[in-house]
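Working notes, structure below.
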Amino acid sequence: MRVVHPHDRRRRATAALGIIAVVLGALAVQFFRVQMLQSTDYMLQSESNRLRPLPVAAPRGTIFDRNGKVIADNIPGYAILILTESRDATRGTLEGLKPLLGLSDEQTENVMARYRRHEPLVVDYDADFETVSTLQERREDLPGVVIEMRPKRRYNGGPAVAHALGYVNEITAEELSDPRFSEYEQGLLVGKVGIERQYEERLQGRRGVRYLEVDALGRIVGSLAGIEEGPGDPGEDIHLTLDLELMEWIHEIFPDSLAGAVIALDPADGGVLAMYSAPTFDPNAFVGELTPEEWGALESDPGKPLLNRTVMGLYPPGSTWKLAAAAIGLDRGVVGPDEFMEEPCTGGIVRGGEFRGCWEADGHGYLDLAGAIANSCNVYFYQLGERIGLDAMIEDGTRIGFAEQCGIDLPQESRGIFPESRDFWQRQFGYEPLDGEVLSVAIGQGPNSQTPLKMAQFYLALARDGSAPTPHLIANPDPTEDWRLDVTAEDIEVLREGLRGVTSPGGTAWYRTSLEHWEVLGKTGTSQNAQDTERPHAWFTGMAGPWGKDPEIVVVVLVEFGESGSQIAAPIMAKTADFYLRKQHGIEIDTIQTLQEHDAAGRLAPWARR
Amino acid sequence: MIDHLFKRWVGDPALFLAVLLMTSFGVAMIYSAGVLNIPSPVTENAWIRQIQWAGIALVAFTVIRQIGARWIEWIAVPGYFGSVLLLVATLIWGTGSGTASGVNSFLAIGPVQFQPSELAKLATILALARYLGTRPEDPTTLRALVAPAAIVGVPLVLVILQPDLGTALSFAGILFAALFWAGTPIALLLLLVTPGVALVLSFDPRIWAVCFVLLIGALYLYRYRLFLVESLSVILASLVAGTIATPLWNSLADYQQNRILVYLDPSVDPRGAGYHVIQSMVAIGSGGPTGKGFTAGTQKRFDFLPEQHTDFIFSVIGEELGYLGTVLTLLLFAFILFRLVKMAEGEADPFAGLVIFGIFGAWLVHIFVNVGMTVGMVPVTGIPLPFVSYGGTFLLMSWVAVGVATKLAGENERSL
């Protein structure tokens, strides 16, 4: 074994002692600086360390409608927080609060689960005034309890705006781990769905800070003025294209017992004038904390009130889609506006040994294109479909966008279901489609389900020059490229003529859509559905404006299991359009609007073209 | 007579008394750390558990002193492999515990939780001493450093994976101290550090370039005293370090990046990672020359100090006992380290000397990093203060180390 020479050892030991001296000496010097030279500064800081920073929620941006009316704003509310030094102290205080706030064991645990060291723990986001005064009285017994005035969200219009606006609630652990919310902190209220979610970052603002003085027992003595306090920056206000009064009107007229969707677009720029989904809920209920029972009731409600049917619901478009088939036929040049089909409608035709019926068992005879639309004649559209052919039909339908989202500025939107190619049948149903499938597609049946919004965008193109901007809720959105139907202005006029037939005297929807001041154009639709074969969904897709002028509003109404487009959906569309147009043109609002309503109320309607 | 018996029991009375004093002081400070305005069951009774552990540690110390020095030498190699296996097991089954809940450094056997990394530290010291002690030549070339670096490198990497950067640093301390005692020139040891320095400096390419030129210049000046291979390797390593710095930085966990950023400027994040350093400095600084008095620290009482009974115990010392207490504590540590160096100096047996120096290296790193982080000199890397911080395994192993060191030293005294 190698033995180190004592001389070497002494040299190394001396060097090691030098290292000890240097290392510990460096520490001693640094401590000298901190404890002797800067001691007074640190003593001051140690004193001020009894001040606890309390984040102050910034008021969320106000949401305005197109007329500058407030849809969502903030009112003063009270939140109850606990601000202590440790988990155990927090738990102790929470136990003291429990009987005063009437918290259950489970709720207490839920609150404790949110505890984070050195951060205030929110116990109640929306305490009522009575609770607040009780707590004020017993402040001495409740160390660390802070009652904070914080802005509380209020939705004017409540249930009428629920689906478009969405609601706010406390940020979840899941959201906190999302890179989108990397700047967010626990306890913040964030938009969960709808506009509140879509424009969350703009609406949120930046929270401020307030300093609370803590006494020797950890109790909050009071707020300390004079120390740098920041009120934070309020969130940005945003302006929407929605018309609050129109939405409230729709909420009023939509039958309470029925489910469905109403969407109204402004033909000028595709702005959404109204977005209503029934059944609905009150977004103000989410502002405080929803009890698990309330939340469970909303979630498990068979009527699905939380579902925004205008953008999420998918329904077979039925006859309302015949306009798409007509546009494709005109674009492809396989049919002229005045052309008849080879076979007149005799109540049905036979194809592939199978009888395909028209809804009118007596038949329509020979019809031109406008007439076929006006009468919604299946036999005409079967033959039109045959002329277009299956491949061309699915190619053009896909190009128009029936297999896509509209791209509206909402966090969620369903994609339309429409075959992009023949493979669709193979994938979905496991068989190769025969050419005869085009018969179903041409009348809006077969594998075709669309959101009310998508149908509204299609009718938007018919109300304009064949182009349709992306529907949007925000006023002045970033410009996007419009999609367009490849049809000429003359062809648009032919299609509108067909729609006019539906709502003119003799048309199926005339009686229930006829209005004093406005011309209504529209198409009824009844779509068979798997849930209830007896009761089809009812559609009415249309547009309205002053007589002889371009339409000023596009409205799509869908009523689930409404059975009849002309009876149920059409009057809702007409009444919606009438309300909006009267407002726009400064004509007094009247609740008796359609011809049918006039007759029912025994009022004369001299304007009616009977 | 009693004097003689006492010496037989403890080996080096001065070291024993210094370490016993430090342990008692630690218990007192842990007690004080538990005196809060709103008591917490975790810290309130920690001092009692620490006394229990100190009792166990004294028993272990006594038992170690009865074991033959040859047996300690024999256990070095199997002990090393055993502890490496335990570290691997910790990576698989390890859990966090107490204040170290973010790091999976604990292994539970039945009801007892312990940190295999503490065991591995001593085992690595023994294995490294065993290896270096049996080499016929001093490790003065880069090639001769490969094996020692590997012996330390394996547990070091396993500890980094936990991820426990502080303990990993103490492994580096062991390697450098043992190599130093084994006769590696300080110039070569410093060269070994240059790639690490390059790694840090490369965040500013200009500074890095200047240092790189200086390094090449220094190597050129000393070209007759160094081997060509060493010089080239070091230059290459510095280049590589400078290149991989950015990807390496990106591979760090968020909290690790934060700690380094906060070290550079604690105020960047006063409520997050910088919180610890700022609160600790406020506590220490407000202690002033003589402190606020035992158990009377306000920063501590209001629970502003993080992990005040473990990693940040020195902040409590600084706040309550002031600069006086700080200096006295540092002097007592200096004395303990001084005794270790003196023991090694009187040791002709290379194994014993290397073991003692390995312990010296580990403790020096622990003291410097732990105390330094409380005043913002060193990044925060959860590493305990020997004999003072609350923590069973560490206290036990520190006492076992004292036992091993005194035993090996005493053995040779008699044989010589």
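So you can find residues: chains in the structure tokens are A, B, ... in the order shown, residues in each start at 1, and ligands are numbered from 1 in order.
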With only C-alpha atoms considered, list every residue of chain B at most 9 Å from chain A, as number ranges by chain. B: 37-41, 133-137, 177, 180-183, 271, 279, 281-289, 298-299, 302-304, 318-319, 322-323, 326-327, 330-331, 333-334, 337-338, 341-342, 344-350, 364, 367-368, 371-372, 375, 377
Output of the above residues as an mmCIF file, in the first residue's frame, restricted to C-alpha atoms:
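After the write, out_31.cif holds the following:
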data_model
loop_
_atom_site.group_PDB
_atom_site.id
_atom_site.type_symbol
_atom_site.label_atom_id
_atom_site.label_comp_id
_atom_site.auth_asym_id
_atom_site.auth_seq_id
_atom_site.Cartn_x
_atom_site.Cartn_y
_atom_site.Cartn_z
ATOM 1 C CA ASN B 37 -47.879 32.091 16.435
ATOM 2 C CA ILE B 38 -50.127 29.496 14.991
ATOM 3 C CA PRO B 39 -48.468 26.209 15.870
ATOM 4 C CA SER B 40 -48.271 23.504 13.277
ATOM 5 C CA PRO B 41 -48.162 19.860 14.358
ATOM 6 C CA GLY B 133 -5.857 4.170 -1.637
ATOM 7 C CA THR B 134 -4.787 1.061 -3.510
ATOM 8 C CA ARG B 135 -3.453 2.827 -6.629
ATOM 9 C CA PRO B 136 0.326 2.739 -6.805
ATOM 10 C CA GLU B 137 0.487 6.170 -8.488
ATOM 11 C CA ALA B 177 -11.776 16.496 -1.742
ATOM 12 C CA PHE B 180 -7.102 16.546 -3.671
ATOM 13 C CA TRP B 181 -5.963 14.382 -0.798
ATOM 14 C CA ALA B 182 -4.836 11.686 -3.221
ATOM 15 C CA GLY B 183 -2.435 14.154 -4.785
ATOM 16 C CA ARG B 271 -44.126 35.423 -4.490
ATOM 17 C CA GLN B 279 -37.926 36.013 3.260
ATOM 18 C CA MET B 281 -32.644 37.376 3.836
ATOM 19 C CA VAL B 282 -35.180 39.586 5.549
ATOM 20 C CA ALA B 283 -35.121 37.263 8.575
ATOM 21 C CA ILE B 284 -31.332 37.144 8.744
ATOM 22 C CA GLY B 285 -30.867 40.839 8.039
ATOM 23 C CA SER B 286 -33.438 41.904 10.595
ATOM 24 C CA GLY B 287 -31.565 39.847 13.163
ATOM 25 C CA GLY B 288 -28.836 42.486 13.187
ATOM 26 C CA PRO B 289 -25.737 42.103 15.347
ATOM 27 C CA THR B 298 -40.867 37.452 14.103
ATOM 28 C CA GLN B 299 -40.283 36.338 10.531
ATOM 29 C CA PHE B 302 -45.333 34.469 11.359
ATOM 30 C CA ASP B 303 -44.266 31.492 9.345
ATOM 31 C CA PHE B 304 -42.775 33.617 6.580
ATOM 32 C CA GLY B 318 -29.472 34.411 11.876
ATOM 33 C CA GLU B 319 -32.749 36.059 12.892
ATOM 34 C CA GLY B 322 -27.837 37.742 15.082
ATOM 35 C CA TYR B 323 -24.427 38.090 13.510
ATOM 36 C CA THR B 326 -23.943 33.295 12.877
ATOM 37 C CA VAL B 327 -20.221 33.751 13.415
ATOM 38 C CA LEU B 330 -19.600 29.141 11.509
ATOM 39 C CA LEU B 331 -16.602 28.975 13.879
ATOM 40 C CA PHE B 333 -18.233 24.307 11.886
ATOM 41 C CA ALA B 334 -14.746 25.560 11.075
ATOM 42 C CA LEU B 337 -13.674 20.717 9.677
ATOM 43 C CA PHE B 338 -10.314 21.673 11.161
ATOM 44 C CA VAL B 341 -8.154 17.904 8.407
ATOM 45 C CA LYS B 342 -5.861 17.434 11.389
ATOM 46 C CA ALA B 344 -6.215 13.191 8.090
ATOM 47 C CA GLU B 345 -2.877 14.940 8.359
ATOM 48 C CA GLY B 346 -1.766 12.575 11.118
ATOM 49 C CA GLU B 347 -2.906 9.583 9.125
ATOM 50 C CA ALA B 348 -0.294 7.597 7.236
ATOM 51 C CA ASP B 349 -2.806 5.045 5.978
ATOM 52 C CA PRO B 350 -4.102 6.415 2.661
ATOM 53 C CA LEU B 364 -17.927 21.561 3.329
ATOM 54 C CA ILE B 367 -22.288 23.910 4.937
ATOM 55 C CA PHE B 368 -21.417 26.285 2.119
ATOM 56 C CA VAL B 371 -25.734 28.552 4.631
ATOM 57 C CA GLY B 372 -24.984 30.354 1.375
ATOM 58 C CA VAL B 375 -28.292 34.807 2.120
ATOM 59 C CA MET B 377 -25.004 33.468 -2.323
#
Identify, on the basis of only C-alpha atoms, every residue whose closest approach to range 363-373 of chain A does not exceed 9 Å; exclude the query and any residue fewer than 5 positions from it along the same chain; express the result as number ranges by chain. A: 319, 322-323, 326, 335-348, 358, 378-381, 494-502, 523
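Of the listed residues B:Phe312, B:Ile356, B:Trp47, B:Phe394, the one whose atoms come nearest to Arg339 in chain B is B:Ile356, with distances taken using only C-alpha atoms.
For the set B:Val369, B:His309, B:Gly361, B:Val210, the residue with the smallest atom-to-atom gap to Glu44 in chain B is B:His309, counting only C-alpha atoms.
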Would you kindly return, as an MDAnalysis selection string, each protein, DNA or RNA residue with an atom no farther than 8 Å from any atom of Pro148 in chain B, considering only C-alpha atoms and excluding same-chain residues fewer than 5 positions away? chainID B and resid 128 131:132 175
Find the residues near Ala79 in chain A: any atom within 8 Å, counting only C-alpha atoms, skip ones fewer than 4 places away on the same chain, and give them as a list in words. Val122, Val123, Asp124, Tyr125, Asp126, Ala127, Ile147, Glu148, Met149 and Arg150 of chain A
I'd like the neighbourhood of Glu516 in chain A as an MDAnalysis selection string, where a residue qualifies if any of its atoms comes within 12 Å (using only C-alpha atoms), though same-chain residues fewer than 5 positions away should be ignored. chainID A and resid 544:547 574:575 577:579 581:582 587 589:590 592:598 604:609
Residues as selected, C-alpha atoms, written as a PDB file, in the first residue's frame, can you do that?
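Result written to result-v3.pdb:
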ATOM      1  CA  ALA A 544     -87.097  39.500 -44.551  1.00  0.00           C
ATOM      2  CA  GLY A 545     -86.867  43.159 -45.430  1.00  0.00           C
ATOM      3  CA  PRO A 546     -88.842  46.091 -46.722  1.00  0.00           C
ATOM      4  CA  TRP A 547     -90.998  45.330 -49.732  1.00  0.00           C
ATOM      5  CA  ALA A 574     -91.730  36.037 -38.940  1.00  0.00           C
ATOM      6  CA  LYS A 575     -92.198  37.489 -35.469  1.00  0.00           C
ATOM      7  CA  ALA A 577     -87.898  39.452 -38.257  1.00  0.00           C
ATOM      8  CA  ASP A 578     -90.813  41.796 -37.658  1.00  0.00           C
ATOM      9  CA  PHE A 579     -89.542  42.868 -34.258  1.00  0.00           C
ATOM     10  CA  LEU A 581     -87.180  45.392 -38.712  1.00  0.00           C
ATOM     11  CA  ARG A 582     -89.699  47.552 -36.866  1.00  0.00           C
ATOM     12  CA  ILE A 587     -92.042  51.511 -36.307  1.00  0.00           C
ATOM     13  CA  ILE A 589     -93.558  47.243 -31.797  1.00  0.00           C
ATOM     14  CA  ASP A 590     -96.795  45.306 -31.856  1.00  0.00           C
ATOM     15  CA  ILE A 592     -99.944  41.029 -32.938  1.00  0.00           C
ATOM     16  CA  GLN A 593     -97.736  40.615 -35.969  1.00  0.00           C
ATOM     17  CA  THR A 594     -98.637  37.937 -38.474  1.00  0.00           C
ATOM     18  CA  LEU A 595    -101.820  37.736 -40.478  1.00  0.00           C
ATOM     19  CA  GLN A 596    -102.827  34.658 -38.567  1.00  0.00           C
ATOM     20  CA  GLU A 597    -102.414  36.552 -35.285  1.00  0.00           C
ATOM     21  CA  HIS A 598    -104.513  39.419 -36.605  1.00  0.00           C
ATOM     22  CA  LEU A 604    -108.447  43.807 -39.368  1.00  0.00           C
ATOM     23  CA  ALA A 605    -105.534  43.377 -41.700  1.00  0.00           C
ATOM     24  CA  PRO A 606    -106.327  45.560 -44.675  1.00  0.00           C
ATOM     25  CA  TRP A 607    -102.755  45.205 -45.887  1.00  0.00           C
ATOM     26  CA  ALA A 608    -103.092  41.475 -46.330  1.00  0.00           C
ATOM     27  CA  ARG A 609    -102.939  40.247 -49.917  1.00  0.00           C
TER      28      ARG A 609
END
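Interatomic distance, CA of Gly565 in chain A to CA of Pro317 in chain A: 11.4 Å.
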Show which residues sit within 9 Å of Val487 in chain A, as a list of chain:residue names. Count only C-alpha atoms, and ignore same-chain residues fewer than 5 positions away. A:Ala327, A:Ile328, A:Leu330, A:Asp331, A:Asp465, A:Gly466, A:Ile492
I need the residues in range 59-273 of chain A that are strand (DSSP E) according to DSSP; give them as a PyMOL selection string. chain A and resi 63-64+70-82+121-127+145-155+168-170+189-191+208-214+220-223+238-239+260-265+272-273
When DSSP works through the backbone of this structure, what residues of range 277-320 of chain A end up as alpha helix (DSSP H), shown as number ranges by chain? A: 292-300
Here CA of Gly358 in chain B and CA of Ile174 in chain B stand apart by 4.6 Å
Can you work out which one of A:Gly352, A:Gly318, A:Gly144, A:Gly232 has the shortest atom-to-atom distance to Arg91 in chain A, counting only C-alpha atoms? A:Gly144
Between B:Ile160, B:Ser117, B:Leu15, B:Ala168, single out the one closest to Leu332 in chain B, counting only C-alpha atoms. B:Leu15
